[in-house]
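Next comes query_37.txt, a file with compact mmCIF, C-alpha atoms.
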```
# COMPACT_ATOMS: atom_id res chain seq x y z
CA MET A 22 1.96 -35.19 1.31
CA THR A 23 2.74 -31.47 1.58
CA THR A 24 0.20 -28.68 1.26
CA SER A 25 1.50 -27.83 -2.21
CA ASP A 26 1.24 -31.51 -3.22
CA THR A 27 -2.34 -31.56 -1.97
CA ASN A 28 -3.14 -28.33 -3.80
CA GLU A 29 -1.59 -29.68 -7.02
CA ALA A 30 -3.56 -32.91 -6.72
CA ASN A 31 -6.77 -30.99 -6.04
CA SER A 32 -6.19 -28.52 -8.85
CA GLY A 33 -5.52 -31.35 -11.30
CA ALA A 34 -8.74 -33.03 -10.34
CA ALA A 35 -10.54 -29.73 -10.19
CA ALA A 36 -9.78 -28.79 -13.77
CA GLY A 37 -11.92 -31.54 -15.28
CA GLU A 38 -14.24 -32.61 -12.48
CA VAL A 39 -15.51 -29.41 -10.84
CA ASP A 40 -19.16 -28.65 -11.30
CA ALA A 41 -19.85 -25.82 -13.75
CA GLU A 42 -21.73 -23.89 -11.04
CA VAL A 43 -18.69 -24.05 -8.77
CA ARG A 44 -16.42 -22.85 -11.57
CA ALA A 45 -18.81 -20.00 -12.33
CA GLU A 46 -18.87 -18.98 -8.66
CA LEU A 47 -15.06 -19.11 -8.50
CA THR A 48 -14.87 -16.90 -11.58
CA ARG A 49 -17.38 -14.44 -10.11
CA LEU A 50 -15.51 -14.26 -6.80
CA ARG A 51 -12.14 -13.91 -8.51
CA ASP A 52 -13.50 -11.10 -10.69
CA SER A 53 -14.65 -9.33 -7.52
CA ILE A 54 -11.21 -9.81 -5.96
CA ASP A 55 -9.57 -8.37 -9.09
CA ASN A 56 -11.86 -5.33 -8.93
CA ILE A 57 -11.12 -4.81 -5.24
CA ASP A 58 -7.37 -5.10 -5.90
CA ALA A 59 -7.65 -2.45 -8.60
CA ALA A 60 -9.54 -0.15 -6.24
CA VAL A 61 -6.92 -0.64 -3.52
CA VAL A 62 -4.13 0.27 -5.95
CA HIS A 63 -5.97 3.41 -7.07
CA MET A 64 -6.67 4.44 -3.48
CA LEU A 65 -3.02 3.93 -2.58
CA ALA A 66 -1.98 6.04 -5.57
CA GLU A 67 -4.21 8.87 -4.32
CA ARG A 68 -2.73 8.53 -0.86
CA PHE A 69 0.76 8.63 -2.37
CA LYS A 70 -0.08 11.87 -4.14
CA CYS A 71 -1.12 13.49 -0.86
CA THR A 72 1.93 12.31 1.04
CA GLN A 73 4.16 13.50 -1.78
CA ARG A 74 2.78 16.99 -1.19
CA VAL A 75 3.30 16.55 2.56
CA GLY A 76 6.92 15.63 1.91
CA HIS A 77 7.48 18.75 -0.21
CA LEU A 78 5.82 20.93 2.42
CA LYS A 79 7.97 19.43 5.17
CA ALA A 80 11.12 19.89 3.08
CA ALA A 81 10.26 23.51 2.28
CA HIS A 82 9.89 24.27 6.00
CA GLN A 83 12.75 22.05 7.24
CA LEU A 84 10.39 19.78 9.17
CA PRO A 85 11.49 16.25 10.05
CA ALA A 86 10.44 13.42 7.74
CA ALA A 87 9.09 11.35 10.63
CA ASP A 88 6.33 12.46 13.00
CA PRO A 89 6.12 9.79 15.74
CA ALA A 90 3.07 11.35 17.42
CA ARG A 91 1.13 11.42 14.14
CA GLU A 92 2.26 7.89 13.33
CA ALA A 93 1.05 6.57 16.71
CA GLN A 94 -2.27 8.38 16.24
CA GLN A 95 -2.69 6.85 12.78
CA ILE A 96 -1.86 3.36 14.02
CA ASN A 97 -4.46 3.63 16.82
CA ARG A 98 -7.01 5.02 14.38
CA LEU A 99 -6.38 2.28 11.82
CA ARG A 100 -6.56 -0.45 14.46
CA GLY A 101 -9.99 0.85 15.47
CA LEU A 102 -11.14 0.95 11.85
CA ALA A 103 -9.86 -2.59 11.34
CA GLU A 104 -11.73 -3.85 14.38
CA SER A 105 -14.99 -2.28 13.21
CA ALA A 106 -14.44 -3.78 9.74
CA LYS A 107 -13.75 -7.22 11.26
CA LEU A 108 -10.15 -7.15 9.95
CA ASP A 109 -7.29 -8.31 12.14
CA PRO A 110 -5.97 -5.11 13.81
CA ALA A 111 -2.46 -6.59 14.00
CA PHE A 112 -2.48 -7.08 10.23
CA ALA A 113 -3.72 -3.52 9.72
CA GLU A 114 -0.96 -2.21 11.98
CA LYS A 115 1.71 -4.18 10.10
CA LEU A 116 0.43 -2.77 6.83
CA LEU A 117 0.42 0.79 8.14
CA ASN A 118 3.92 0.38 9.62
CA PHE A 119 5.15 -0.73 6.20
CA ILE A 120 3.47 2.29 4.61
CA ILE A 121 4.87 4.67 7.23
CA ALA A 122 8.41 3.37 6.70
CA GLU A 123 8.06 3.93 2.95
CA VAL A 124 6.66 7.43 3.49
CA ILE A 125 9.54 8.39 5.76
CA ARG A 126 12.02 7.08 3.22
CA HIS A 127 10.42 9.18 0.49
CA HIS A 128 10.17 12.26 2.70
CA GLU A 129 13.86 11.94 3.52
CA ARG A 130 14.66 11.72 -0.18
CA ILE A 131 12.53 14.78 -0.92
CA ALA A 132 14.34 16.70 1.83
CA ASP A 133 17.73 15.59 0.49
CA ASP A 134 16.70 16.59 -3.03
CA ALA A 135 15.59 20.01 -1.76
CA LEU A 136 18.95 20.52 -0.04
CA ASN A 137 20.88 19.42 -3.10
CA GLY A 138 18.66 21.20 -5.62
CA THR A 139 17.73 17.95 -7.40
CA THR A 140 14.32 16.59 -8.40
CA GLY A 141 14.60 12.90 -7.54
CA ASP A 142 16.47 9.74 -8.48
CA ASN A 143 17.07 10.82 -12.05
CA GLY A 144 15.23 14.11 -12.43
CA THR A 145 12.35 12.50 -14.26
CA THR A 146 8.70 12.48 -13.37
CA GLY A 147 7.09 9.22 -12.24
CA ASP A 148 3.97 7.70 -13.78
CA ASN A 149 1.75 9.41 -11.24
CA GLY A 150 3.09 12.88 -11.99
CA THR A 151 5.42 12.99 -9.01
CA THR A 152 9.17 13.21 -9.13
CA GLY A 153 11.64 10.62 -7.94
CA ALA A 154 9.72 7.36 -8.14
CA SER A 155 11.53 4.56 -6.38
CA ALA A 156 13.37 1.80 -8.18
CA ASN A 157 10.48 -0.62 -7.73
CA GLY A 158 8.04 1.76 -9.42
CA ALA A 159 6.30 2.81 -6.23
CA SER A 160 5.31 6.41 -6.05
CA ALA A 161 5.83 8.69 -3.07
CA GLY A 162 5.08 7.55 0.48
CA LEU A 163 1.65 6.91 1.89
CA ARG A 164 1.51 8.90 5.08
```

Can the structure in the file be given as structure tokens, please?
Amino acid sequence: MTTSDTNEANSGAAAGEVDAEVRAELTRLRDSIDNIDAAVVHMLAERFKCTQRVGHLKAAHQLPAADPAREAQQINRLRGLAESAKLDPAFAEKLLNFIIAEVIRHHERIADDALNGTTGDNGTTGDNGTTGASANGASAGLR
């Protein structure tokens, strides 16, 4: 039996046989998770707004999109924060590396737009008030 088969069997049994207290606790925990997810999204949106401004400042002064020294400093800092929060530092580093790559991509686009006199992918403003939102709806980078 595979893990998914086991999960399906358990979820089928769980629907009718789980104690009401267990279901209530699951609901409470899931509500907390949903609230935390919403907070994470809002915090990321605020970070995006800041890095969008960084990208425009870099473009205005012909600074490179990437800053390897800053990136290394941020990775070390985040690993330390992760350790103190009892979060896997390797996971935190992977997350930050993903964010950094996205930031660089957006900063490069901002610089290209500044050179070409354009405002973004289609000249429209994204949902968060920034220009040039990516195709997947993400706002500017997170660095």

Skipping near chain neighbours, those fewer than 4 positions away, what residues fall within 9 Å of Gly76 in chain A using all atoms listed in the file, listed as an MDAnalysis selection string? chainID A and resid 71:72 80:81 86 124:125 127:132 161:162

Serialized selection, C-alpha atoms, as a PDB file, in the frame of the given file:
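Output file part01.pdb follows:
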```pdb
ATOM      1  CA  CYS A  71      -1.120  13.490  -0.860  1.00  0.00           C
ATOM      2  CA  THR A  72       1.930  12.310   1.040  1.00  0.00           C
ATOM      3  CA  ALA A  80      11.120  19.890   3.080  1.00  0.00           C
ATOM      4  CA  ALA A  81      10.260  23.510   2.280  1.00  0.00           C
ATOM      5  CA  ALA A  86      10.440  13.420   7.740  1.00  0.00           C
ATOM      6  CA  VAL A 124       6.660   7.430   3.490  1.00  0.00           C
ATOM      7  CA  ILE A 125       9.540   8.390   5.760  1.00  0.00           C
ATOM      8  CA  HIS A 127      10.420   9.180   0.490  1.00  0.00           C
ATOM      9  CA  HIS A 128      10.170  12.260   2.700  1.00  0.00           C
ATOM     10  CA  GLU A 129      13.860  11.940   3.520  1.00  0.00           C
ATOM     11  CA  ARG A 130      14.660  11.720  -0.180  1.00  0.00           C
ATOM     12  CA  ILE A 131      12.530  14.780  -0.920  1.00  0.00           C
ATOM     13  CA  ALA A 132      14.340  16.700   1.830  1.00  0.00           C
ATOM     14  CA  ALA A 161       5.830   8.690  -3.070  1.00  0.00           C
ATOM     15  CA  GLY A 162       5.080   7.550   0.480  1.00  0.00           C
TER      16      GLY A 162
END
```

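Using only C-alpha atoms for every distance, the candidate list A:Val75, A:Ala122, A:Ala111, A:Leu65 yields A:Ala122 as the residue closest to Glu92 in chain A.
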
CA of Leu117 in chain A and CA of Leu99 in chain A, how far apart in Å? 7.9 Å

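CA of Met64 in chain A to CA of Ala106 in chain A spans 17.4 Å [interatomic distance, one decimal].
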
Could you state the separation of CA of Asp134 in chain A and CA of Ala87 in chain A in Å, given to one decimal place?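 It comes out at 16.5 Å.
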
Radius query 8 Å about (-4.8, 2.1, 8.5), atoms used: all atoms listed in the file, as number ranges by chain: A: 95-96, 98-100, 102-103, 113-114, 116-117

Kindly save the residues from that selection, with C-alpha atoms included, as a CSV table (one decimal), in the coordinates of the input.
```
chain,number,residue,atom,x,y,z
A,95,GLN,CA,-2.7,6.8,12.8
A,96,ILE,CA,-1.9,3.4,14.0
A,98,ARG,CA,-7.0,5.0,14.4
A,99,LEU,CA,-6.4,2.3,11.8
A,100,ARG,CA,-6.6,-0.4,14.5
A,102,LEU,CA,-11.1,1.0,11.8
A,103,ALA,CA,-9.9,-2.6,11.3
A,113,ALA,CA,-3.7,-3.5,9.7
A,114,GLU,CA,-1.0,-2.2,12.0
A,116,LEU,CA,0.4,-2.8,6.8
A,117,LEU,CA,0.4,0.8,8.1
```
